[in-house]
Amino acid sequence: MKKFHSPKKNTLKHYKWPLFIFAASIFLLSGCNSNADSIDSEDIEFPHMHGIGFTEDGEQAYVPAHDGLRVLEDGEWKMAEGERHDYMGFSMVDDGFYSSGHPSASSDYGNPFGIIKSTDNGKSLEILDLYEEIDFHHMDVGYNTHTIFVFNPEPNSRMEAPGLYYSTDETETWERSALQGIQEEMTSLAAHPTKEKVLAIGTKSDVYLSEDFGDMFEPLGVDTRITDVLFGHDGSLFAAGTGESVQLLQIDPETRNIDEWQLPELETDNSILYIAQNPAEENTVVFVTEQKDIYYTENSGETWNLLAEKGESTL
């Protein structure tokens, strides 16, 4: 594991770090290719992040931004290799990532992406479905199962109506979920890493769990506005919420026991938007906030380190 020290402190206290790669996305972007080493770490910025996730070995993590993927490697931020696309619905898996979104203005790809996949950290893309038809903002993919869940906002050539759809065969076929048990607006969704039928949905007041591809949901009784949900690699369910304070909850899907993590001081207008857990170390979690802060812990929230503040690198 690599080591680095926080530039926000005058001490030389060191922290262990796995290597990271980050990428985030929003609407149409303009951009051009860039050498991964062409920008100094302290100059890296993070506009409009739209996702986060670790590689299978736990040594890298991706987060997409308006103009391409960011990489944290050896304690320094870098731009990733490849074209600077605007990834949306970004989902890390064991062999790469799936995404939707829009291509770089300098790219030859059509717009929007539909659903794409990369197994080489974004250097190349595989077009899967709905190319030049639609981009999905709400999308998640099972880390090991590769079951794809999307919330479709409008009819298209593969989906006849709005709603929740899933594919277990790399978009060759799609099935529509019944969504029974949910009567309010969805804010986020999470696919279980190893159980292809299991899905969680966050809403404005609770977290709902389905064990049948989203046909029937049961509320978990969280009773707060949910801003993100994530199935951890250990099988637990993480839920970020905002009520009187910003919360990060860890839920046992079997017992329904809920534990609240200790968080850095966050204002209620700086809620958690994206969470990721390291596949190689369940106590290691990273999250992105509404005001473009990135926080990281290796001890289940006992201490947190700030990687980016208001969209600017702290390294």
# chains A, B, ... in the order shown; residues from 1 in each chain; ligands from 1
>>> closest_atom_pairs(of="range 33-151 of chain A", to="range 281-290 of chain A", cutoff="10 Å", atoms="only C-alpha atoms", output="tab-separated table")
residue	atom	partner	partner_atom	distance
A:His48	CA	A:Glu290	CA	8.8
A:Met49	CA	A:Val288	CA	7.7
A:His50	CA	A:Val288	CA	8.8
A:Gly51	CA	A:Val288	CA	8.1
A:Ile52	CA	A:Phe287	CA	7.6
A:Gly53	CA	A:Val286	CA	8.5
A:Phe54	CA	A:Val286	CA	9.3
A:Asp57	CA	A:Glu281	CA	9.5
A:Gly58	CA	A:Glu281	CA	7.4
A:Ala61	CA	A:Val286	CA	9.3
A:Val63	CA	A:Val288	CA	9.0
>>> write_last_selection(atoms="N, CA and C atoms", output="short mmCIF file (atom, residue, chain, number, x, y, z; two decimals), in the first residue's frame")
data_model
loop_
_atom_site.label_atom_id
_atom_site.label_comp_id
_atom_site.auth_asym_id
_atom_site.auth_seq_id
_atom_site.Cartn_x
_atom_site.Cartn_y
_atom_site.Cartn_z
N HIS A 48 -18.58 18.49 -11.36
CA HIS A 48 -19.79 17.69 -11.53
C HIS A 48 -19.54 16.18 -11.49
N MET A 49 -19.04 15.68 -10.41
CA MET A 49 -18.77 14.25 -10.30
C MET A 49 -20.06 13.45 -10.31
N HIS A 50 -20.01 12.28 -11.00
CA HIS A 50 -21.21 11.45 -11.14
C HIS A 50 -20.89 9.97 -10.97
N GLY A 51 -20.17 9.63 -9.93
CA GLY A 51 -19.92 8.22 -9.66
C GLY A 51 -18.60 8.02 -8.95
N ILE A 52 -18.40 6.79 -8.45
CA ILE A 52 -17.16 6.46 -7.77
C ILE A 52 -17.09 4.95 -7.61
N GLY A 53 -15.90 4.36 -7.69
CA GLY A 53 -15.78 2.92 -7.51
C GLY A 53 -14.35 2.43 -7.53
N PHE A 54 -14.11 1.33 -6.81
CA PHE A 54 -12.78 0.73 -6.72
C PHE A 54 -12.59 -0.37 -7.75
N ASP A 57 -8.80 -5.19 -7.25
CA ASP A 57 -7.69 -5.39 -6.32
C ASP A 57 -7.64 -4.33 -5.23
N GLY A 58 -8.52 -3.35 -5.30
CA GLY A 58 -8.60 -2.32 -4.27
C GLY A 58 -7.52 -1.27 -4.36
N ALA A 61 -9.34 3.47 -7.81
CA ALA A 61 -10.77 3.74 -7.80
C ALA A 61 -11.07 4.83 -8.82
N VAL A 63 -13.60 7.85 -10.49
CA VAL A 63 -14.68 8.82 -10.30
C VAL A 63 -14.74 9.66 -11.58
#
>>> select_by_dssp(residues="range 137-263 of chain A", states="strand (DSSP E or B)", output="ChimeraX atom specification")
/A:139-141,148-152,163-167,175-176,180,186-191,199-203,207-210,216,218-219,225-231,237-242,246-251,258-260
>>> closest_residue(among="A:Gln250, A:Asn257, A:Thr145, A:Ser210", to="Leu179 in chain A", atoms="only C-alpha atoms")
A:Ser210
>>> atom_distance(atom1="CA of Glu185 in chain A", atom2="CA of Glu265 in chain A")
28.1 Å
>>> closest_atom_pairs(of="range 104-183 of chain A", to="range 74-94 of chain A", cutoff="6 Å", atoms="only C-alpha atoms", output="tab-separated table")
residue	atom	partner	partner_atom	distance
A:Ser104	CA	A:His85	CA	4.5
A:Gly122	CA	A:Gly82	CA	5.9
A:Lys123	CA	A:Gly82	CA	4.3
A:Phe136	CA	A:Gly89	CA	5.9
A:His137	CA	A:Gly89	CA	4.9
A:His138	CA	A:Gly89	CA	5.6
A:Met139	CA	A:Gly89	CA	4.8
A:Asp140	CA	A:Ser91	CA	5.6
A:Val141	CA	A:Ser91	CA	5.9
A:Tyr143	CA	A:Val93	CA	4.1
A:Asn144	CA	A:Asp94	CA	5.9
>>> closest_residue(among="A:Val71, A:Ile148, A:Ile275, A:Leu263", to="Glu170 in chain A", atoms="only C-alpha atoms")
A:Ile148
>>> decode(residues="range 171-206 of chain A", atoms="N, CA, C and O atoms", output="CSV table (one decimal), in the first residue's frame")
chain,number,residue,atom,x,y,z
A,171,THR,N,-27.2,-6.6,-22.2
A,171,THR,CA,-28.2,-5.9,-23.0
A,171,THR,C,-28.8,-6.6,-24.2
A,171,THR,O,-29.5,-6.0,-25.0
A,172,GLU,N,-28.5,-7.9,-24.3
A,172,GLU,CA,-29.1,-8.6,-25.4
A,172,GLU,C,-30.7,-8.6,-25.2
A,172,GLU,O,-31.4,-8.5,-26.2
A,173,THR,N,-31.1,-8.8,-24.0
A,173,THR,CA,-32.6,-8.7,-23.7
A,173,THR,C,-32.8,-7.8,-22.5
A,173,THR,O,-31.9,-7.7,-21.6
A,174,TRP,N,-34.0,-7.2,-22.4
A,174,TRP,CA,-34.4,-6.4,-21.3
A,174,TRP,C,-35.7,-6.9,-20.7
A,174,TRP,O,-36.6,-7.3,-21.5
A,175,GLU,N,-35.8,-6.8,-19.4
A,175,GLU,CA,-37.1,-7.1,-18.8
A,175,GLU,C,-37.5,-5.9,-17.9
A,175,GLU,O,-36.6,-5.2,-17.4
A,176,ARG,N,-38.8,-5.6,-17.8
A,176,ARG,CA,-39.3,-4.5,-17.1
A,176,ARG,C,-39.7,-4.9,-15.7
A,176,ARG,O,-40.4,-5.9,-15.5
A,177,SER,N,-39.3,-4.2,-14.6
A,177,SER,CA,-39.6,-4.6,-13.3
A,177,SER,C,-41.0,-4.0,-12.9
A,177,SER,O,-41.3,-2.9,-13.4
A,178,ALA,N,-41.7,-4.7,-12.0
A,178,ALA,CA,-43.0,-4.2,-11.6
A,178,ALA,C,-43.0,-3.1,-10.7
A,178,ALA,O,-44.0,-2.3,-10.6
A,179,LEU,N,-42.0,-2.9,-9.9
A,179,LEU,CA,-41.8,-1.8,-8.9
A,179,LEU,C,-43.0,-1.8,-7.9
A,179,LEU,O,-43.3,-0.7,-7.4
A,180,GLN,N,-43.5,-2.9,-7.5
A,180,GLN,CA,-44.6,-2.9,-6.5
A,180,GLN,C,-44.0,-2.6,-5.1
A,180,GLN,O,-43.0,-3.1,-4.8
A,181,GLY,N,-44.7,-1.7,-4.4
A,181,GLY,CA,-44.3,-1.4,-3.1
A,181,GLY,C,-43.6,0.0,-3.0
A,181,GLY,O,-43.4,0.5,-1.9
A,182,ILE,N,-43.4,0.6,-4.1
A,182,ILE,CA,-42.8,1.9,-4.2
A,182,ILE,C,-43.8,2.9,-4.8
A,182,ILE,O,-44.2,2.7,-5.9
A,183,GLN,N,-44.1,3.9,-4.0
A,183,GLN,CA,-45.1,4.9,-4.5
A,183,GLN,C,-44.5,6.3,-4.6
A,183,GLN,O,-45.3,7.3,-4.9
A,184,GLU,N,-43.2,6.5,-4.4
A,184,GLU,CA,-42.6,7.8,-4.4
A,184,GLU,C,-41.4,7.9,-5.3
A,184,GLU,O,-41.0,6.8,-5.8
A,185,GLU,N,-40.9,9.1,-5.5
A,185,GLU,CA,-39.8,9.3,-6.5
A,185,GLU,C,-38.5,8.6,-6.0
A,185,GLU,O,-38.2,8.7,-4.9
A,186,MET,N,-37.9,7.9,-6.9
A,186,MET,CA,-36.6,7.3,-6.7
A,186,MET,C,-35.5,8.3,-6.7
A,186,MET,O,-35.5,9.1,-7.6
A,187,THR,N,-34.6,8.2,-5.8
A,187,THR,CA,-33.4,9.1,-5.8
A,187,THR,C,-32.1,8.4,-6.2
A,187,THR,O,-31.2,9.0,-6.6
A,188,SER,N,-32.1,7.0,-6.0
A,188,SER,CA,-30.8,6.3,-6.2
A,188,SER,C,-31.2,4.8,-6.3
A,188,SER,O,-32.2,4.4,-5.8
A,189,LEU,N,-30.3,4.0,-6.9
A,189,LEU,CA,-30.4,2.6,-6.9
A,189,LEU,C,-29.1,1.9,-6.8
A,189,LEU,O,-28.1,2.4,-7.2
A,190,ALA,N,-29.1,0.6,-6.3
A,190,ALA,CA,-27.9,-0.1,-6.1
A,190,ALA,C,-28.2,-1.6,-6.4
A,190,ALA,O,-29.1,-2.2,-5.9
A,191,ALA,N,-27.3,-2.2,-7.2
A,191,ALA,CA,-27.4,-3.6,-7.5
A,191,ALA,C,-26.4,-4.4,-6.6
A,191,ALA,O,-25.3,-3.9,-6.3
A,192,HIS,N,-26.9,-5.5,-6.1
A,192,HIS,CA,-26.1,-6.4,-5.2
A,192,HIS,C,-24.9,-6.9,-6.0
A,192,HIS,O,-25.0,-7.3,-7.2
A,193,PRO,N,-23.7,-7.0,-5.4
A,193,PRO,CA,-22.5,-7.4,-6.2
A,193,PRO,C,-22.5,-8.8,-6.6
A,193,PRO,O,-22.0,-9.2,-7.7
A,194,THR,N,-23.2,-9.7,-5.8
A,194,THR,CA,-23.1,-11.2,-6.1
A,194,THR,C,-24.5,-11.8,-6.3
A,194,THR,O,-24.5,-13.0,-6.8
A,195,LYS,N,-25.5,-11.2,-5.9
A,195,LYS,CA,-26.9,-11.8,-6.1
A,195,LYS,C,-27.6,-11.0,-7.1
A,195,LYS,O,-28.1,-9.9,-6.9
A,196,GLU,N,-27.8,-11.6,-8.3
A,196,GLU,CA,-28.3,-10.9,-9.4
A,196,GLU,C,-29.7,-10.4,-9.3
A,196,GLU,O,-30.1,-9.4,-9.9
A,197,LYS,N,-30.5,-11.0,-8.4
A,197,LYS,CA,-31.9,-10.6,-8.3
A,197,LYS,C,-32.1,-9.5,-7.3
A,197,LYS,O,-33.2,-8.9,-7.2
A,198,VAL,N,-31.1,-9.2,-6.5
A,198,VAL,CA,-31.2,-8.2,-5.4
A,198,VAL,C,-30.9,-6.8,-5.8
A,198,VAL,O,-29.9,-6.5,-6.4
A,199,LEU,N,-31.8,-5.9,-5.4
A,199,LEU,CA,-31.7,-4.5,-5.8
A,199,LEU,C,-32.2,-3.7,-4.6
A,199,LEU,O,-33.1,-4.0,-3.9
A,200,ALA,N,-31.6,-2.5,-4.4
A,200,ALA,CA,-32.0,-1.5,-3.4
A,200,ALA,C,-32.3,-0.2,-4.1
A,200,ALA,O,-31.6,0.2,-5.0
A,201,ILE,N,-33.4,0.5,-3.6
A,201,ILE,CA,-33.7,1.8,-4.2
A,201,ILE,C,-33.9,2.8,-3.0
A,201,ILE,O,-34.5,2.5,-2.0
A,202,GLY,N,-33.3,3.9,-3.2
A,202,GLY,CA,-33.5,5.0,-2.2
A,202,GLY,C,-34.5,6.0,-2.7
A,202,GLY,O,-34.7,6.2,-3.9
A,203,THR,N,-35.3,6.5,-1.8
A,203,THR,CA,-36.4,7.5,-2.2
A,203,THR,C,-36.2,8.7,-1.3
A,203,THR,O,-35.3,8.8,-0.5
A,204,LYS,N,-37.2,9.6,-1.3
A,204,LYS,CA,-37.2,10.8,-0.5
A,204,LYS,C,-37.5,10.5,1.0
A,204,LYS,O,-37.4,11.4,1.8
A,205,SER,N,-37.8,9.2,1.3
A,205,SER,CA,-38.2,9.0,2.7
A,205,SER,C,-37.7,7.7,3.3
A,205,SER,O,-37.8,7.4,4.5
A,206,ASP,N,-37.1,6.8,2.4
A,206,ASP,CA,-36.7,5.4,2.9
A,206,ASP,C,-35.8,4.7,1.9
A,206,ASP,O,-35.6,5.2,0.8
